[in-house]
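For reference, the structure discussed in these notes is given below.
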Amino acid sequence: MSGAEFKGDRTDAAVLAAIRSGDESGMAALYDRYSAVVYSVALRVLGDTGAAEDVLQEVFMQLWRNPGLFDSSRGSLGPWLAVIARHRAIDGLRKRRPETDIADVVVSVEPDMAGDAERARAMEKVRGTLGAMPSPQRQALEMAYFEGLSHSEISEKTGEPLGTIKTRIRSGLLALRKAFAT
């Protein structure tokens with residue numbers, strides 16, 4: 001099968017089955033679908049494009065090496081990849097050493113207009129969904145996913161009960177899942 005066959009209407013399950021059988025075009029199709037989301041999550045947590053690109057690569061390499069890690073009975077692939085990216089990014093934050101005086105290296109790449117447009121649409125959908133949420137719910141989600149705080153840390157920071165924070169985050173994630181399901 002060619003990669004072009006996967007890009008349109010193939011389900012994630014079909015593409016994952018192809019990956020399990022070693023079909024690289026399946027991996028390319030999933031990368032095309034979800035790399036923008038994974039990169040955006042990592043970049044938001046890390047604030048560093050190079051580190052976010054490393055997380056992006058690690059997440060997809062993990063999926064390539066062990067596609068059985070994803071359990072479709074527990075949810076959708078896109079949000080699962082976003083959570084994996086968030087966890088990797090937070091791990092990266094925790095491992096960071098103090099900044100040094102090493103000069104940044106600039107790498108030139110060809111622009112990916114289609115990927116940029118898809119990334120922009122996904123980010124617009126996320127922004128719209130977050131903007132429609134009640135402020136306390138949006139704030140809890142932002143602290144959890146973009147600042148890397150645990151539920152307990154958010155509870156301490158806001159003075160809200162832990163159960164309230166967990167409910168707000170869960171409700172917010174369900175709203176985001178619903179937005180991407182349509």
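The way I read the labels, and the way they are meant: chains A, B, ... in the order of the structure tokens, residue 1 as the first residue of every chain, and ligand 1 as the first ligand shown, with later ones counted on from there.
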Segment 146-170 of chain A near segment 65-88 of chain A within 12 Å: what's each residue's closest atom pair and its distance in Å to one decimal, counting only C-alpha atoms, ordered by chain then ascending residue number, as CSV?
```
residue,atom,partner,partner_atom,distance
A:Phe146,CA,A:Arg86,CA,8.3
A:Glu147,CA,A:Arg86,CA,9.9
A:Gly148,CA,A:Arg86,CA,7.7
A:Leu149,CA,A:Arg86,CA,10.9
A:Ser150,CA,A:His87,CA,11.1
```
Since we have the selection now, will you write its residues out, keeping N, CA and C atoms, as an mmCIF file, in the first residue's frame?
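New file selection_26.cif:
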```cif
data_model
loop_
_atom_site.group_PDB
_atom_site.id
_atom_site.type_symbol
_atom_site.label_atom_id
_atom_site.label_comp_id
_atom_site.auth_asym_id
_atom_site.auth_seq_id
_atom_site.Cartn_x
_atom_site.Cartn_y
_atom_site.Cartn_z
ATOM 1 N N PHE A 146 -0.209 23.161 29.887
ATOM 2 C CA PHE A 146 0.768 24.071 29.328
ATOM 3 C C PHE A 146 1.826 24.495 30.329
ATOM 4 N N GLU A 147 1.527 24.388 31.619
ATOM 5 C CA GLU A 147 2.523 24.693 32.637
ATOM 6 C C GLU A 147 3.076 23.426 33.271
ATOM 7 N N GLY A 148 2.446 22.286 32.987
ATOM 8 C CA GLY A 148 2.949 21.012 33.493
ATOM 9 C C GLY A 148 2.682 20.784 34.976
ATOM 10 N N LEU A 149 1.680 21.458 35.537
ATOM 11 C CA LEU A 149 1.389 21.293 36.958
ATOM 12 C C LEU A 149 0.522 20.060 37.190
ATOM 13 N N SER A 150 0.721 19.411 38.312
ATOM 14 C CA SER A 150 -0.112 18.272 38.680
ATOM 15 C C SER A 150 -1.444 18.789 39.218
#
```
Quick one: everything within 12 Å of His151 of chain A, counting only C-alpha atoms, minus sequence neighbours fewer than 6 positions away in the same chain. Send it as a ChimeraX atom specification. /A:140-145,157-170
Counting only C-alpha atoms, closest pick from A:Glu156, A:Thr11, A:Ile19, A:Asp116 relative to Ser40 of chain A is A:Asp116
What does the structure give for the distance between atom CA of Ala28 of chain A and atom CA of Gly128 of chain A, in Å to one decimal?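 Separation between atom CA of Ala28 of chain A and atom CA of Gly128 of chain A: 28.4 Å.
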Run DSSP on the backbone of this structure and report the residues of segment 42-175 of chain A it assigns to helix (DSSP H, G or I), as a PyMOL selection string. chain A and resi 42-46+49-65+67-69+72-74+77-95+113-132+135-145+151-158+162-175
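Across the model, the gap from atom CA of Phe180 of chain A to atom CA of Ala89 of chain A is 22.3 Å.
Shortest atom-to-atom contact with Arg33 of chain A among A:Val15, A:Ala179, A:Ala132, A:Ile90: A:Val15, counting only C-alpha atoms.
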Atom CA of Gln139 of chain A to atom CA of Val41 of chain A: how many Å, to one decimal?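 Between atom CA of Gln139 of chain A and atom CA of Val41 of chain A the gap is 16.0 Å.
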